[in-house]
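J.: My questions all concern the structure below.
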Amino acid sequence: MTRIAVFGAGRIGTVHAANVAAHPDLELAAIVDPVAAAAEALAAATDAPCGEAAEVFADSNVAGVVIASATDTHAALLERAAEAGKAIFCEKPISLDFATAERVVAVVERAGVACMLGFHRRYDPNFKAVRDRIASGAAGPVEQIIMFTRDPAPPPIDYVRVSGGMFRDQAIHDFDMARYLLDEDIATVYAVASCLIDPVIGESGDVDSLAAIMTTISGKIVQLSNARRAPFGYDQRLEALCAKEWLAVDNAPQTTVRRADAAGFLAPPPENYFIERFARAYAAEIDAFARMIRAGEPPLAGLRDGLAAQLLAEAALHSATTGATVNLAEGWRPRSSGL
Ligand SMILES: NC(=O)c1ccc[n+]([C@@H]2O[C@H](COP(=O)([O-])OP(=O)(O)OC[C@H]3O[C@@H](n4cnc5c(N)ncnc54)[C@H](O)[C@@H]3O)[C@@H](O)[C@H]2O)c1
């Protein structure tokens, strides 16, 4: 059995720990979280011990770590895990600011440890089917992509404060999906952002509503619309308009039951949130982590993908802050951490 420790016993750490515990080739070696109550509850639920970071990094019987802790802890944990020679599965984003993210990538690469990043949508069978269809050539070249990512309700404000902001925290999945589907680099990024949903988010320096439009080197167009609230629940959809086909991923309904009467038709709501909607993708990610460690199989998303998606997030944030279109093709680099 390959022994794995999970850092972070919050929303996503709970999902990853359960998938590690359920995996036939993996053993959940420890749950690490400075909030003892959170660590103990998850340890009890997964039948695993609680652990301390220093013990885990020093334990040669721990082969890998899942970094599912708060975003402001990722960079330091990535560096410590790499220096300890552990295989790593780290949640997005790599860091709160780009310069740190670049430094961390260099440290991990120098250490030579295997590392994958938590872009779970790449493991979702629906998004993967769109990618595979495009890659097969059958749909013809992609001309436009439109993505929608809207949470059912804003996350807790304590989460928002350490999240790196909505561009790096939420929209980063869409920036990564654009890269996953396109076969050429994004050249320009224009974005706008507002606080329309919860003034407390605005007071914390973040936004809760954003849109971005990007073009590739040859002029392919990508649009995204993100919000921290949708009136009907979790909204996560995508369209890829190709020369020969239109490909779309819809929301997954909670049931397939529809009701109708003389007033009209009623469809069931979508899956509640990311945990339910992407349950299969999260399990597939942990399976990919196991195969990366045991067989050296490359993951669908690595650290360099994390850096590239974060560069797009930084460009979009810069655009939303300044009103300018960012030209990545001309070598734009982020200077400050922004929002
Ligand atoms: N890929 C996805 O679908 C997805 C979904 C949600 C969150 N995330 C990412 O996962 C991370 C955690 O998000 P969450 O929603 O679970 O947040 P959360 O606030 O629910 O949980 C974070 C946990 O990390 C713990 N923590 C803080 N410092 C720590 C440290 N040094 N070591 C170990 N644990 C520590 C906190 O005590 C808390 O229990 C964030 O970076 C977020 O961006 C990814």
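Just remember, in the structure tokens the first chain shown is A, the second B, etc., residues are 1-based per chain, and ligands are 1-based in the order shown.
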Please list as a ChimeraX atom specification every residue within 12 Å of Thr216 in chain A, counting only C-alpha atoms and excluding residues in the same chain fewer than 2 positions away.
T.: /A:142-145,178-179,181-189,213-214,218-223,312,327-329
J.: Give the residue list for ligand 1 at 7 Å, counting only C-alpha atoms and all ligand atoms, as a list in words, sorted by chain and then by residue number.
T.: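 The neighbouring residues of ligand 1 are, in order, Phe7, Gly8, Ala9, Gly10, Arg11, Ile12, Gly13, Val32, Asp33, Pro34, Val35, Ala38, Ala68, Ser69, Ala70, Thr71, Thr73, Glu91, Lys92, Pro93, Gly118, Phe119, His120, Tyr159, Ser163, Asp169 and Phe274 of chain A.
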J.: Would you write out, as a tab-separated table, a table of all residues in range 132-214 of chain A that have an atom no more than 9 Å from an atom of range 95-115 of chain A, listing for each the closest atom pair and the distance in Å to one decimal, considering only C-alpha atoms and ordering rows by chain and rising residue number?
T.:
residue	atom	partner	partner_atom	distance
A:Val162	CA	A:Leu96	CA	8.2
A:Ser163	CA	A:Leu96	CA	7.5
A:Gly164	CA	A:Leu96	CA	4.9
A:Gly165	CA	A:Leu96	CA	8.4
A:Arg168	CA	A:Leu96	CA	7.7
J.: Keeping C-alpha atoms for every residue in the selection just given, could you write it to a file as an mmCIF file, in the first residue's frame?
T.:
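Dumped everything to selection_5.cif:
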data_model
loop_
_atom_site.group_PDB
_atom_site.id
_atom_site.type_symbol
_atom_site.label_atom_id
_atom_site.label_comp_id
_atom_site.auth_asym_id
_atom_site.auth_seq_id
_atom_site.Cartn_x
_atom_site.Cartn_y
_atom_site.Cartn_z
ATOM 1 C CA VAL A 162 -7.202 33.658 2.118
ATOM 2 C CA SER A 163 -8.375 32.491 -1.320
ATOM 3 C CA GLY A 164 -6.196 34.807 -3.434
ATOM 4 C CA GLY A 165 -9.332 36.441 -4.877
ATOM 5 C CA ARG A 168 -7.116 33.019 -8.808
#
J.: At what distance in Å, to one decimal, does CA of Ala240 in chain A lie from CA of Val326 in chain A?
T.: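 So the answer is 23.3 Å.
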J.: Calculate how many Å separate CA of Val257 in chain A from CA of Arg277 in chain A, rounding to one decimal.
T.: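 About the pair CA of Val257 in chain A and CA of Arg277 in chain A: they are 17.3 Å apart.
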J.: Extract the full set of strand (DSSP E) residues from range 190-319 of chain A according to DSSP on the backbone, and format it as a PyMOL selection string.
T.: chain A and resi 190-194+209-216+221-227+235-242+246-249+259-261+264-266
